[in-house]
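Novice: Got my_file19.tsv for you, TSV, C-alpha atoms and all ligand atoms:
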```tsv
chain	number	residue	atom	x	y	z
U	1	MET	CA	-24.68	39.11	1.80
U	2	ILE	CA	-26.56	36.36	3.66
U	3	LYS	CA	-28.63	37.92	6.48
U	4	THR	CA	-30.00	35.94	9.41
U	5	ASP	CA	-30.68	36.16	13.16
U	6	ILE	CA	-27.92	33.81	14.33
U	7	ILE	CA	-24.80	32.84	12.38
U	8	ILE	CA	-23.76	29.41	13.67
U	9	ILE	CA	-20.14	28.50	13.00
U	10	GLY	CA	-19.92	24.72	12.94
U	11	ALA	CA	-22.57	22.28	11.71
U	12	GLY	CA	-21.67	19.51	14.17
U	13	PRO	CA	-24.38	18.03	16.42
U	14	VAL	CA	-24.40	21.09	18.69
U	15	GLY	CA	-24.63	23.63	15.85
U	16	LEU	CA	-27.47	21.63	14.29
U	17	PHE	CA	-29.45	21.37	17.54
U	18	THR	CA	-29.07	25.15	18.05
U	19	VAL	CA	-31.23	25.62	14.93
U	20	PHE	CA	-34.02	23.68	16.63
U	21	GLU	CA	-33.91	25.60	19.91
U	22	ALA	CA	-33.65	28.93	18.04
U	23	GLY	CA	-36.48	27.89	15.71
U	24	LEU	CA	-38.82	27.42	18.70
U	25	LEU	CA	-38.22	31.12	19.44
U	26	LYS	CA	-38.79	31.98	15.75
U	27	LEU	CA	-35.13	32.93	15.26
U	28	LYS	CA	-33.59	32.10	11.86
U	29	CYS	CA	-30.16	30.46	11.66
U	30	HIS	CA	-27.45	30.07	9.03
U	31	LEU	CA	-24.69	27.49	9.53
U	32	ILE	CA	-21.14	27.69	8.19
U	33	ASP	CA	-18.90	24.63	8.14
U	34	ALA	CA	-15.49	23.95	6.66
U	35	LEU	CA	-16.55	20.38	5.91
U	36	PRO	CA	-18.64	19.68	2.81
U	37	ILE	CA	-21.30	17.84	4.86
U	38	PRO	CA	-23.03	18.55	8.20
U	39	GLY	CA	-22.24	16.44	11.27
U	40	GLY	CA	-18.85	17.59	12.61
U	41	GLN	CA	-16.88	14.87	14.40
U	42	CYS	CA	-19.82	12.44	14.12
U	43	ALA	CA	-19.70	12.65	10.32
U	44	GLU	CA	-15.96	13.08	9.85
U	45	ILE	CA	-14.32	10.91	12.50
U	46	TYR	CA	-16.72	8.17	13.55
U	47	PRO	CA	-19.91	7.97	11.42
U	48	LYS	CA	-20.27	4.21	11.89
U	49	LYS	CA	-19.56	4.07	15.63
U	50	PRO	CA	-22.35	3.91	18.21
U	51	ILE	CA	-22.92	6.75	20.71
U	52	TYR	CA	-24.26	5.79	24.13
U	53	ASP	CA	-24.98	9.02	25.99
U	54	ILE	CA	-27.88	10.49	24.02
U	55	PRO	CA	-30.97	10.53	26.28
U	56	GLY	CA	-33.70	8.26	24.92
U	57	TYR	CA	-31.32	6.27	22.71
U	58	PRO	CA	-29.59	3.35	24.47
U	59	SER	CA	-27.26	3.38	21.45
U	60	ILE	CA	-27.33	5.30	18.16
U	61	GLN	CA	-24.89	5.33	15.25
U	62	ALA	CA	-23.18	8.73	14.92
U	63	ALA	CA	-24.31	9.16	11.29
U	64	GLU	CA	-27.88	8.27	12.26
U	65	LEU	CA	-27.87	10.89	15.03
U	66	ILE	CA	-26.88	13.50	12.43
U	67	ASP	CA	-29.64	12.31	10.05
U	68	LYS	CA	-32.17	12.66	12.88
U	69	LEU	CA	-30.91	16.12	13.84
U	70	MET	CA	-31.21	17.21	10.19
U	71	LEU	CA	-34.81	15.93	10.18
U	72	GLN	CA	-35.52	17.68	13.47
U	73	ILE	CA	-34.37	21.09	12.14
U	74	LYS	CA	-35.99	20.75	8.69
U	75	PRO	CA	-39.18	22.68	9.68
U	76	PHE	CA	-36.99	25.71	10.47
U	77	SER	CA	-35.29	25.75	7.03
U	78	PRO	CA	-31.79	26.79	8.13
U	79	GLY	CA	-29.30	28.09	5.56
U	80	PHE	CA	-25.97	26.32	5.01
U	81	THR	CA	-22.59	27.50	3.73
U	82	LEU	CA	-20.65	24.23	3.54
U	83	GLY	CA	-17.07	23.50	2.52
U	84	GLU	CA	-16.03	27.03	3.55
U	85	THR	CA	-14.10	28.13	6.63
U	86	ALA	CA	-15.31	31.17	8.62
U	87	GLU	CA	-12.19	33.30	8.43
U	88	THR	CA	-12.87	36.89	9.47
U	89	LEU	CA	-15.29	38.58	11.84
U	90	GLU	CA	-15.97	42.28	11.92
U	91	LYS	CA	-18.73	44.63	13.04
U	92	SER	CA	-20.85	46.70	10.64
U	93	SER	CA	-21.70	50.34	11.32
U	94	GLU	CA	-25.14	49.17	12.61
U	95	GLY	CA	-23.48	46.91	15.15
U	96	GLN	CA	-24.16	43.66	13.26
U	97	PHE	CA	-21.52	40.94	12.94
U	98	ILE	CA	-20.15	40.17	9.48
U	99	VAL	CA	-18.52	36.78	9.06
U	100	LYS	CA	-16.62	36.12	5.83
U	101	THR	CA	-15.41	32.72	4.67
U	102	THR	CA	-12.21	31.70	2.93
U	103	GLN	CA	-14.20	31.64	-0.33
U	104	GLY	CA	-15.47	35.20	0.25
U	105	THR	CA	-19.09	34.40	1.21
U	106	SER	CA	-20.40	37.11	3.60
U	107	HIS	CA	-22.92	36.57	6.37
U	108	MET	CA	-24.53	39.21	8.62
U	109	ALA	CA	-26.37	38.77	11.94
U	110	PRO	CA	-26.80	40.42	15.34
U	111	VAL	CA	-25.63	37.22	17.07
U	112	VAL	CA	-22.86	34.70	16.39
U	113	ALA	CA	-22.89	31.24	17.99
U	114	ILE	CA	-19.55	29.47	17.70
U	115	ALA	CA	-20.09	25.71	17.74
U	116	GLY	CA	-16.70	24.99	16.19
U	117	GLY	CA	-15.92	21.83	18.20
U	118	LEU	CA	-12.26	20.92	18.09
U	119	GLY	CA	-11.82	23.43	15.27
U	120	VAL	CA	-11.39	23.26	11.53
U	121	PHE	CA	-10.44	19.83	10.28
U	122	THR	CA	-7.20	20.41	8.41
U	123	PRO	CA	-5.97	17.77	5.95
U	124	ARG	CA	-2.84	15.78	6.79
U	125	LYS	CA	-0.66	16.35	3.75
U	126	PRO	CA	2.01	14.10	2.24
U	127	PRO	CA	5.57	15.29	2.91
U	128	ILE	CA	6.31	16.59	-0.60
U	129	ASP	CA	7.81	20.10	-0.99
U	130	ASN	CA	6.05	21.41	-4.10
U	131	LEU	CA	2.47	20.27	-3.26
U	132	SER	CA	1.10	23.83	-3.20
U	133	GLU	CA	1.93	24.33	-6.91
U	134	PHE	CA	-0.68	21.71	-7.83
U	135	GLU	CA	-3.28	22.04	-5.04
U	136	ASP	CA	-6.89	22.73	-6.16
U	137	GLN	CA	-6.03	22.11	-9.83
U	138	HIS	CA	-4.64	18.55	-9.52
U	139	ILE	CA	-4.45	17.74	-5.79
U	140	HIS	CA	-7.54	17.61	-3.55
U	141	TYR	CA	-7.78	16.68	0.14
U	142	ILE	CA	-11.56	17.04	0.48
U	143	ILE	CA	-14.04	16.01	-2.22
U	144	LYS	CA	-16.75	18.66	-2.38
U	145	GLU	CA	-18.32	17.95	-5.76
U	146	PRO	CA	-17.75	14.38	-7.04
U	147	SER	CA	-19.04	15.19	-10.55
U	148	PHE	CA	-15.96	17.46	-10.96
U	149	PHE	CA	-14.04	14.20	-11.54
U	150	THR	CA	-16.22	12.99	-14.43
U	151	ASN	CA	-14.18	11.05	-17.01
U	152	LYS	CA	-10.93	11.80	-15.15
U	153	ASN	CA	-8.05	9.50	-14.26
U	154	ILE	CA	-7.80	9.54	-10.48
U	155	VAL	CA	-5.13	8.37	-8.06
U	156	ILE	CA	-6.15	8.02	-4.41
U	157	SER	CA	-3.59	7.58	-1.61
U	158	GLY	CA	-4.45	6.22	1.84
U	159	GLY	CA	-5.62	3.11	3.63
U	160	GLY	CA	-8.43	4.37	5.86
U	161	ASP	CA	-12.20	4.59	5.41
U	162	SER	CA	-12.12	7.83	3.47
U	163	ALA	CA	-9.58	6.55	0.89
U	164	LEU	CA	-11.40	3.23	0.42
U	165	ASP	CA	-14.91	4.75	0.34
U	166	TRP	CA	-13.94	7.29	-2.33
U	167	ALA	CA	-11.97	4.71	-4.37
U	168	LEU	CA	-15.08	2.52	-4.47
U	169	PHE	CA	-17.34	5.47	-5.18
U	170	PHE	CA	-15.27	6.70	-8.11
U	171	ALA	CA	-14.84	3.17	-9.48
U	172	GLU	CA	-18.65	3.01	-9.61
U	173	ASN	CA	-19.31	6.62	-10.64
U	174	PHE	CA	-17.83	9.42	-12.73
U	175	ALA	CA	-14.12	8.48	-12.99
U	176	SER	CA	-12.45	7.10	-16.08
U	177	SER	CA	-9.86	5.13	-14.06
U	178	VAL	CA	-9.01	4.72	-10.35
U	179	LYS	CA	-5.68	3.77	-8.80
U	180	LEU	CA	-5.33	3.27	-5.05
U	181	ILE	CA	-1.87	3.62	-3.52
U	182	HIS	CA	-1.28	2.51	0.09
U	183	ARG	CA	2.03	2.55	1.93
U	184	SER	CA	1.40	-0.84	3.62
U	185	ASP	CA	-0.55	-3.99	2.77
U	186	ASN	CA	-2.74	-3.60	5.83
U	187	PHE	CA	-5.81	-1.38	5.45
U	188	ARG	CA	-7.39	0.45	8.42
U	189	ALA	CA	-10.71	0.78	6.61
U	190	HIS	CA	-13.87	-1.24	7.28
U	191	ASN	CA	-13.44	-4.91	6.24
U	192	ASP	CA	-16.40	-4.79	3.82
U	193	SER	CA	-14.87	-1.85	1.93
U	194	VAL	CA	-11.45	-3.54	1.76
U	195	GLN	CA	-13.00	-6.76	0.42
U	196	LYS	CA	-15.00	-4.85	-2.18
U	197	ALA	CA	-11.88	-2.93	-3.31
U	198	LEU	CA	-9.95	-6.21	-3.67
U	199	ASP	CA	-12.85	-7.66	-5.72
U	200	TYR	CA	-12.84	-4.53	-7.92
U	201	SER	CA	-9.09	-4.90	-8.34
U	202	LYS	CA	-9.55	-8.45	-9.68
U	203	LYS	CA	-12.16	-7.13	-12.13
U	204	GLY	CA	-9.82	-4.32	-13.24
U	205	LYS	CA	-12.08	-1.56	-11.88
U	206	ILE	CA	-9.44	-0.32	-9.39
U	207	GLU	CA	-5.67	-0.76	-9.67
U	208	ILE	CA	-4.29	-1.26	-6.16
U	209	ILE	CA	-0.62	-0.48	-5.53
U	210	LEU	CA	0.50	-1.65	-2.07
U	211	ASN	CA	3.65	-0.98	-0.01
U	212	ALA	CA	4.32	2.19	-2.00
U	213	GLU	CA	4.16	5.97	-1.63
U	214	VAL	CA	4.14	8.96	-3.94
U	215	ASN	CA	7.43	10.73	-3.23
U	216	ASN	CA	7.67	13.37	-5.97
U	217	ILE	CA	5.34	15.19	-8.32
U	218	ASP	CA	5.56	17.29	-11.45
U	219	LYS	CA	3.35	18.35	-14.33
U	220	LYS	CA	3.62	17.46	-18.02
U	221	SER	CA	1.15	18.04	-20.88
U	222	GLY	CA	-1.63	18.99	-18.45
U	223	LEU	CA	-1.22	15.83	-16.35
U	224	LEU	CA	0.22	15.29	-12.89
U	225	VAL	CA	3.31	13.08	-13.13
U	226	MET	CA	4.00	11.16	-9.93
U	227	GLY	CA	7.03	9.18	-8.82
U	228	VAL	CA	5.78	6.20	-6.79
U	229	LYS	CA	8.42	4.51	-4.67
U	230	SER	CA	7.84	1.04	-3.33
U	231	LYS	CA	9.22	-0.45	-0.10
U	232	ASN	CA	11.68	-2.54	-2.12
U	233	ASN	CA	13.10	0.72	-3.57
U	234	THR	CA	11.74	0.38	-7.09
U	235	THR	CA	10.18	3.53	-8.54
U	236	LYS	CA	7.47	3.79	-11.13
U	237	VAL	CA	5.95	6.81	-12.83
U	238	ILE	CA	2.19	7.32	-12.89
U	239	LYS	CA	0.29	10.04	-14.74
U	240	CYS	CA	-3.17	11.22	-13.72
U	241	ASP	CA	-5.60	14.14	-13.90
U	242	HIS	CA	-6.20	14.30	-10.14
U	243	TRP	CA	-4.49	13.02	-7.01
U	244	LEU	CA	-6.52	12.65	-3.82
U	245	PRO	CA	-4.21	12.08	-0.83
U	246	LEU	CA	-6.78	11.06	1.83
U	247	PHE	CA	-4.68	10.68	4.98
U	248	GLY	CA	-7.33	12.03	7.34
U	249	LEU	CA	-8.06	15.41	8.85
U	250	SER	CA	-6.68	16.82	12.09
U	251	PRO	CA	-8.56	19.60	13.94
U	252	LYS	CA	-7.09	23.07	14.68
U	253	ILE	CA	-8.91	26.01	16.32
U	254	GLY	CA	-8.04	27.96	13.16
U	255	PRO	CA	-9.05	31.55	12.34
U	256	ILE	CA	-11.48	31.84	15.32
U	257	GLY	CA	-8.40	31.96	17.55
U	258	SER	CA	-7.61	35.49	16.28
U	259	TRP	CA	-11.09	37.05	16.75
U	260	GLY	CA	-10.27	38.69	20.10
U	261	LEU	CA	-11.99	35.98	22.14
U	262	GLU	CA	-10.53	34.82	25.44
U	263	ILE	CA	-8.89	31.47	24.76
U	264	GLU	CA	-7.75	28.94	27.35
U	265	LYS	CA	-6.15	25.61	26.44
U	266	ASN	CA	-7.24	25.88	22.81
U	267	ALA	CA	-10.91	26.50	23.80
U	268	ILE	CA	-13.06	29.65	24.15
U	269	LYS	CA	-13.76	30.80	27.71
U	270	VAL	CA	-17.49	31.35	28.39
U	271	ASN	CA	-19.72	32.40	31.25
U	272	ASN	CA	-21.44	29.17	32.27
U	273	ALA	CA	-23.27	30.85	35.17
U	274	THR	CA	-25.47	32.75	32.69
U	275	ASP	CA	-25.65	32.07	28.98
U	276	TYR	CA	-22.38	30.69	27.51
U	277	SER	CA	-21.45	34.19	26.29
U	278	THR	CA	-17.84	34.98	25.46
U	279	ASN	CA	-15.94	38.15	26.39
U	280	VAL	CA	-17.36	39.78	23.19
U	281	ASN	CA	-21.01	40.89	23.54
U	282	GLY	CA	-23.23	39.04	21.07
U	283	ILE	CA	-20.82	36.14	20.53
U	284	TYR	CA	-21.53	32.85	22.28
U	285	ALA	CA	-19.51	29.60	22.27
U	286	ILE	CA	-21.20	26.22	22.79
U	287	GLY	CA	-20.25	22.55	22.55
U	288	ASP	CA	-16.70	21.18	22.46
U	289	VAL	CA	-15.24	24.58	21.49
U	290	ASN	CA	-15.87	26.21	24.88
U	291	THR	CA	-14.38	25.85	28.33
U	292	TYR	CA	-15.56	26.62	31.88
U	293	PRO	CA	-15.07	24.99	35.27
U	294	GLY	CA	-16.41	21.44	35.12
U	295	LYS	CA	-16.86	21.38	31.33
U	296	LEU	CA	-17.64	17.95	29.85
U	297	LYS	CA	-17.02	17.45	26.13
U	298	LEU	CA	-20.18	15.47	25.54
U	299	ILE	CA	-22.89	16.04	22.95
U	300	LEU	CA	-25.66	16.29	25.53
U	301	CYS	CA	-23.77	19.07	27.37
U	302	GLY	CA	-23.55	20.99	24.09
U	303	PHE	CA	-27.31	20.51	23.55
U	304	HIS	CA	-28.00	22.01	27.00
U	305	GLU	CA	-25.69	24.95	26.29
U	306	ALA	CA	-27.51	25.59	22.98
U	307	ALA	CA	-30.93	25.73	24.71
U	308	ILE	CA	-29.70	28.25	27.30
U	309	MET	CA	-27.75	30.30	24.75
U	310	VAL	CA	-30.68	30.93	22.37
U	311	GLN	CA	-32.79	32.36	25.22
U	312	SER	CA	-30.09	34.97	25.77
U	313	ALA	CA	-29.77	35.56	22.00
U	314	PHE	CA	-33.56	36.17	21.82
U	315	LYS	CA	-33.33	38.93	24.45
U	316	ARG	CA	-30.43	40.51	22.55
U	317	ILE	CA	-32.25	40.39	19.20
U	318	HIS	CA	-35.68	41.45	20.61
U	319	PRO	CA	-34.91	43.59	23.69
U	320	ASN	CA	-38.53	44.80	23.91
U	321	LYS	CA	-40.21	41.40	23.61
U	322	ASN	CA	-40.94	39.25	26.62
U	323	ASN	CA	-40.26	35.58	26.01
U	324	VAL	CA	-42.13	33.23	28.33
U	325	LEU	CA	-40.97	29.62	28.11
U	326	LYS	CA	-43.75	27.48	26.67
U	327	TYR	CA	-43.49	23.72	26.39
U	328	THR	CA	-43.14	22.60	22.78
U	329	THR	CA	-45.89	20.02	23.39
U	330	VAL	CA	-48.23	23.02	23.88
U	331	THR	CA	-47.03	25.19	20.97
U	332	GLY	CA	-46.34	22.31	18.53
U	333	ILE	CA	-44.04	22.56	15.48
U	334	LYS	CA	-45.27	23.20	11.95
U	335	GLY	CA	-44.17	20.30	9.76
U	336	PHE	CA	-44.44	17.58	12.42
Z	1	LIG	C1	-14.26	8.56	18.44
Z	1	LIG	C2	-15.16	9.49	19.20
Z	1	LIG	C3	-16.23	8.98	19.91
Z	1	LIG	C4	-17.08	9.82	20.63
Z	1	LIG	N1	-18.13	9.28	21.32
Z	1	LIG	C5	-18.98	10.11	21.98
Z	1	LIG	C6	-20.10	9.56	22.69
Z	1	LIG	O1	-20.32	8.36	22.73
Z	1	LIG	N2	-20.93	10.45	23.33
Z	1	LIG	C7	-20.75	11.80	23.31
Z	1	LIG	O2	-21.55	12.56	23.87
Z	1	LIG	N3	-19.68	12.33	22.64
Z	1	LIG	C8	-18.80	11.52	21.99
Z	1	LIG	N4	-17.72	12.05	21.34
Z	1	LIG	C9	-17.52	13.51	21.40
Z	1	LIG	C10	-18.48	14.22	20.45
Z	1	LIG	O3	-18.25	13.78	19.11
Z	1	LIG	C11	-18.29	15.72	20.56
Z	1	LIG	O4	-18.61	16.10	21.88
Z	1	LIG	C12	-19.22	16.45	19.59
Z	1	LIG	O5	-18.94	16.11	18.25
Z	1	LIG	C13	-19.10	17.95	19.77
Z	1	LIG	O6	-19.99	18.53	18.89
Z	1	LIG	P1	-19.78	20.02	18.38
Z	1	LIG	O7	-20.95	20.29	17.49
Z	1	LIG	O8	-19.51	20.90	19.55
Z	1	LIG	O9	-18.42	20.00	17.54
Z	1	LIG	P2	-17.90	19.13	16.31
Z	1	LIG	O10	-18.64	17.87	16.17
Z	1	LIG	O11	-16.42	19.08	16.46
Z	1	LIG	O12	-18.25	20.05	15.05
Z	1	LIG	C14	-17.62	21.29	14.91
Z	1	LIG	C15	-17.68	21.71	13.46
Z	1	LIG	O13	-17.21	23.06	13.38
Z	1	LIG	C16	-16.52	23.22	12.16
Z	1	LIG	N5	-15.65	24.40	12.27
Z	1	LIG	C17	-14.76	24.69	13.23
Z	1	LIG	N6	-14.18	25.90	13.01
Z	1	LIG	C18	-14.75	26.36	11.86
Z	1	LIG	C19	-14.58	27.54	11.08
Z	1	LIG	N7	-13.71	28.53	11.43
Z	1	LIG	N8	-15.31	27.67	9.95
Z	1	LIG	C20	-16.18	26.69	9.56
Z	1	LIG	N9	-16.38	25.55	10.26
Z	1	LIG	C21	-15.67	25.41	11.39
Z	1	LIG	C22	-15.77	21.91	11.98
Z	1	LIG	O14	-15.48	21.68	10.63
Z	1	LIG	C23	-16.79	20.89	12.54
Z	1	LIG	O15	-17.57	20.32	11.53
Z	1	LIG	C24	-16.85	11.22	20.63
Z	1	LIG	C25	-15.78	11.75	19.91
Z	1	LIG	C26	-14.93	10.90	19.20
Z	1	LIG	C27	-13.79	11.49	18.42
```
Using structure tokens, write down the structure that the file contains.
Ligand SMILES: Cc1cc2nc3c(=O)[nH]c(=O)nc-3n(C[C@H](O)[C@H](O)[C@H](O)COP(=O)(O)OP(=O)(O)OC[C@H]3O[C@@H](n4cnc5c(N)ncnc54)[C@H](O)[C@@H]3O)c2cc1C

Specialist:
Amino acid sequence: MIKTDIIIIGAGPVGLFTVFEAGLLKLKCHLIDALPIPGGQCAEIYPKKPIYDIPGYPSIQAAELIDKLMLQIKPFSPGFTLGETAETLEKSSEGQFIVKTTQGTSHMAPVVAIAGGLGVFTPRKPPIDNLSEFEDQHIHYIIKEPSFFTNKNIVISGGGDSALDWALFFAENFASSVKLIHRSDNFRAHNDSVQKALDYSKKGKIEIILNAEVNNIDKKSGLLVMGVKSKNNTTKVIKCDHWLPLFGLSPKIGPIGSWGLEIEKNAIKVNNATDYSTNVNGIYAIGDVNTYPGKLKLILCGFHEAAIMVQSAFKRIHPNKNNVLKYTTVTGIKGF
């Protein structure tokens, strides 16, 4: 059981900044995220795009903002449970919240801050009926531990950044062989990655199969056997250890939707006049996941909500302590 002061669900920019604001009040945080890396939408959807509405930065790349937030919260040593979805929430006999993940990891705290953004990013799956028979063992939509693929024959499907980045990565590291299958001859990925993949293809490091799709799968002698159909209706059979269909992730509010919280238009209703609390005492919702009159889904609004929310969490955790706001320039931060 992981025990902390605030369980933060979602390690996007807002969840990360909450650690900083809580840390100033000496409150410990533990973050849970379904993605294998911190950063939320900034890391998953647009890491290389610039953001323009962060005060003090005329423009900053999304991935760089996440790096800076990680640096900013380092002195407060937050805990992370990554690659696991927060699935159930219940109350202990002492009135603490217990949040369990899909993998069974348990977390306990007096306060829960939901910073779940647009929700859990759920993989877009190929339209093949018997996928679930081979998922986890041979089919993977998210790569959590690249070394798992050491000396394996890998097939990657997709034409976006994720497919190209992982194809290049595995061609350079771990894998025994890499095939890249794309249903068109036009990649959506960054030009540099496409060029590098084409160069690797000439050198025999990646086999690229264009205008084709996997349309059936089976298993034989411990290998995944895939029927790959091309646009000109020819079919070829490919065998591999692992298939990574990387067609992107689409967000869904997910399990949080059944925790008894008031939901409006796929977002959690909060009290914006006070502290961004939900209808359940001790549970707050901040960032893109919440809704209230005039809500703006911008990172800086989520940062503001986090600062207000932790003040309320402090009072809940330490009802007998008086917290007087002190400027951080006066108190300083150990480690900076
Ligand atoms: C293309 C694009 C450009 C943008 N440009 C800007 C911009 O210029 N300026 C700006 O201010 N904003 C911009 N935004 C919006 C900005 O990205 C969001 O406002 C911001 O990411 C919200 O942060 P968040 O931390 O609330 O949520 P998110 O970034 O969505 O992170 C939420 C995290 O919660 C996790 N999660 C959800 N449910 C669970 C669960 N049950 N268990 C475990 N984990 C869970 C998700 O996996 C995710 O990682 C842009 C968005 C997009 C898509």

Novice: I want to know what sits within 12 Å of U:Thr235, based on only C-alpha atoms, with residues of the same chain fewer than 4 positions away left out; could you give that as a PyMOL selection string?

Specialist: chain U and resi 209+211-216+226-231

Novice: Please compute the atom CA of U:Ser157-atom CA of U:Leu246 distance, one decimal, in Å.

Specialist: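 Value for the atom CA of U:Ser157-atom CA of U:Leu246 distance: 5.8 Å.
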
Novice: Choose the residue, out of U:Pro146, U:Pro50, U:Pro58, U:Gly119, that has the smallest atom-to-atom separation from U:Ala267; count all atoms listed in the file.

Specialist: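 Comparing U:Pro146, U:Pro50, U:Pro58, U:Gly119 against U:Ala267, the winner is U:Gly119.
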
Novice: Select, from U:Lys49, U:Lys265, U:Lys220, U:Lys239, the residue with the minimum atom-to-atom distance to ligand LIG 1 (chain Z), counting only C-alpha atoms and all ligand atoms.

Specialist: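 Of U:Lys49, U:Lys265, U:Lys220, U:Lys239, the one nearest ligand LIG 1 (chain Z) is U:Lys49, counting only C-alpha atoms and all ligand atoms.
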
Novice: Dump the neighbourhood of ligand LIG 1 (chain Z) as a VMD selection string: all residues within 6 Å, distances computed on all atoms listed in the file.

Specialist: chain U and resid 9 to 15 32 to 35 40 to 42 45 to 46 51 to 53 85 to 87 115 to 121 254 to 256 287 to 289 297 to 300

Novice: Rank nothing, just name the residue among U:Gln137, U:Ser93, U:Thr274, U:Ser147 nearest to U:Leu223, using all atoms listed in the file.

Specialist: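 Ranking U:Gln137, U:Ser93, U:Thr274, U:Ser147 by distance to U:Leu223, first place goes to U:Gln137.
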
Novice: List every protein, DNA or RNA residue with an atom no more than 12 Å from (-21.5, 30.6, 11.9) in the file's coordinates, counting all atoms listed in the file, and format the result as an mmCIF file with C-alpha atoms, in the frame of the given file.

Specialist:
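In the end it all went to out37.cif:
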```
data_model
loop_
_atom_site.group_PDB
_atom_site.id
_atom_site.type_symbol
_atom_site.label_atom_id
_atom_site.label_comp_id
_atom_site.auth_asym_id
_atom_site.auth_seq_id
_atom_site.Cartn_x
_atom_site.Cartn_y
_atom_site.Cartn_z
ATOM 1 C CA ILE U 2 -26.560 36.360 3.660
ATOM 2 C CA LYS U 3 -28.630 37.920 6.480
ATOM 3 C CA THR U 4 -30.000 35.940 9.410
ATOM 4 C CA ASP U 5 -30.680 36.160 13.160
ATOM 5 C CA ILE U 6 -27.920 33.810 14.330
ATOM 6 C CA ILE U 7 -24.800 32.840 12.380
ATOM 7 C CA ILE U 8 -23.760 29.410 13.670
ATOM 8 C CA ILE U 9 -20.140 28.500 13.000
ATOM 9 C CA GLY U 10 -19.920 24.720 12.940
ATOM 10 C CA ALA U 11 -22.570 22.280 11.710
ATOM 11 C CA GLY U 12 -21.670 19.510 14.170
ATOM 12 C CA GLY U 15 -24.630 23.630 15.850
ATOM 13 C CA LEU U 16 -27.470 21.630 14.290
ATOM 14 C CA THR U 18 -29.070 25.150 18.050
ATOM 15 C CA VAL U 19 -31.230 25.620 14.930
ATOM 16 C CA CYS U 29 -30.160 30.460 11.660
ATOM 17 C CA HIS U 30 -27.450 30.070 9.030
ATOM 18 C CA LEU U 31 -24.690 27.490 9.530
ATOM 19 C CA ILE U 32 -21.140 27.690 8.190
ATOM 20 C CA ASP U 33 -18.900 24.630 8.140
ATOM 21 C CA ALA U 34 -15.490 23.950 6.660
ATOM 22 C CA PRO U 78 -31.790 26.790 8.130
ATOM 23 C CA GLY U 79 -29.300 28.090 5.560
ATOM 24 C CA PHE U 80 -25.970 26.320 5.010
ATOM 25 C CA THR U 81 -22.590 27.500 3.730
ATOM 26 C CA LEU U 82 -20.650 24.230 3.540
ATOM 27 C CA GLU U 84 -16.030 27.030 3.550
ATOM 28 C CA THR U 85 -14.100 28.130 6.630
ATOM 29 C CA ALA U 86 -15.310 31.170 8.620
ATOM 30 C CA GLU U 87 -12.190 33.300 8.430
ATOM 31 C CA THR U 88 -12.870 36.890 9.470
ATOM 32 C CA LEU U 89 -15.290 38.580 11.840
ATOM 33 C CA PHE U 97 -21.520 40.940 12.940
ATOM 34 C CA ILE U 98 -20.150 40.170 9.480
ATOM 35 C CA VAL U 99 -18.520 36.780 9.060
ATOM 36 C CA LYS U 100 -16.620 36.120 5.830
ATOM 37 C CA THR U 101 -15.410 32.720 4.670
ATOM 38 C CA THR U 105 -19.090 34.400 1.210
ATOM 39 C CA SER U 106 -20.400 37.110 3.600
ATOM 40 C CA HIS U 107 -22.920 36.570 6.370
ATOM 41 C CA MET U 108 -24.530 39.210 8.620
ATOM 42 C CA ALA U 109 -26.370 38.770 11.940
ATOM 43 C CA PRO U 110 -26.800 40.420 15.340
ATOM 44 C CA VAL U 111 -25.630 37.220 17.070
ATOM 45 C CA VAL U 112 -22.860 34.700 16.390
ATOM 46 C CA ALA U 113 -22.890 31.240 17.990
ATOM 47 C CA ILE U 114 -19.550 29.470 17.700
ATOM 48 C CA ALA U 115 -20.090 25.710 17.740
ATOM 49 C CA GLY U 116 -16.700 24.990 16.190
ATOM 50 C CA ILE U 256 -11.480 31.840 15.320
ATOM 51 C CA ILE U 283 -20.820 36.140 20.530
ATOM 52 C CA TYR U 284 -21.530 32.850 22.280
ATOM 53 C CA ALA U 285 -19.510 29.600 22.270
ATOM 54 C CA ILE U 286 -21.200 26.220 22.790
#
```

Novice: Kindly output stretch 192-198 of chain U as a compact mmCIF listing (two decimals), in the coordinates of the input, after building N, CA and C atoms.

Specialist:
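Writing done, so here's selection.txt:
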```
# COMPACT_ATOMS: atom_id res chain seq x y z
N ASP U 192 -15.54 -4.66 5.01
CA ASP U 192 -16.40 -4.79 3.82
C ASP U 192 -15.86 -3.96 2.66
N SER U 193 -15.38 -2.74 3.00
CA SER U 193 -14.87 -1.85 1.93
C SER U 193 -13.59 -2.44 1.35
N VAL U 194 -12.73 -2.97 2.24
CA VAL U 194 -11.45 -3.54 1.76
C VAL U 194 -11.75 -4.71 0.81
N GLN U 195 -12.66 -5.59 1.24
CA GLN U 195 -13.00 -6.76 0.42
C GLN U 195 -13.54 -6.34 -0.94
N LYS U 196 -14.41 -5.31 -0.92
CA LYS U 196 -15.00 -4.85 -2.18
C LYS U 196 -13.91 -4.26 -3.10
N ALA U 197 -12.97 -3.52 -2.50
CA ALA U 197 -11.88 -2.93 -3.31
C ALA U 197 -11.03 -4.04 -3.93
N LEU U 198 -10.76 -5.10 -3.14
CA LEU U 198 -9.95 -6.21 -3.67
C LEU U 198 -10.71 -6.91 -4.81
```
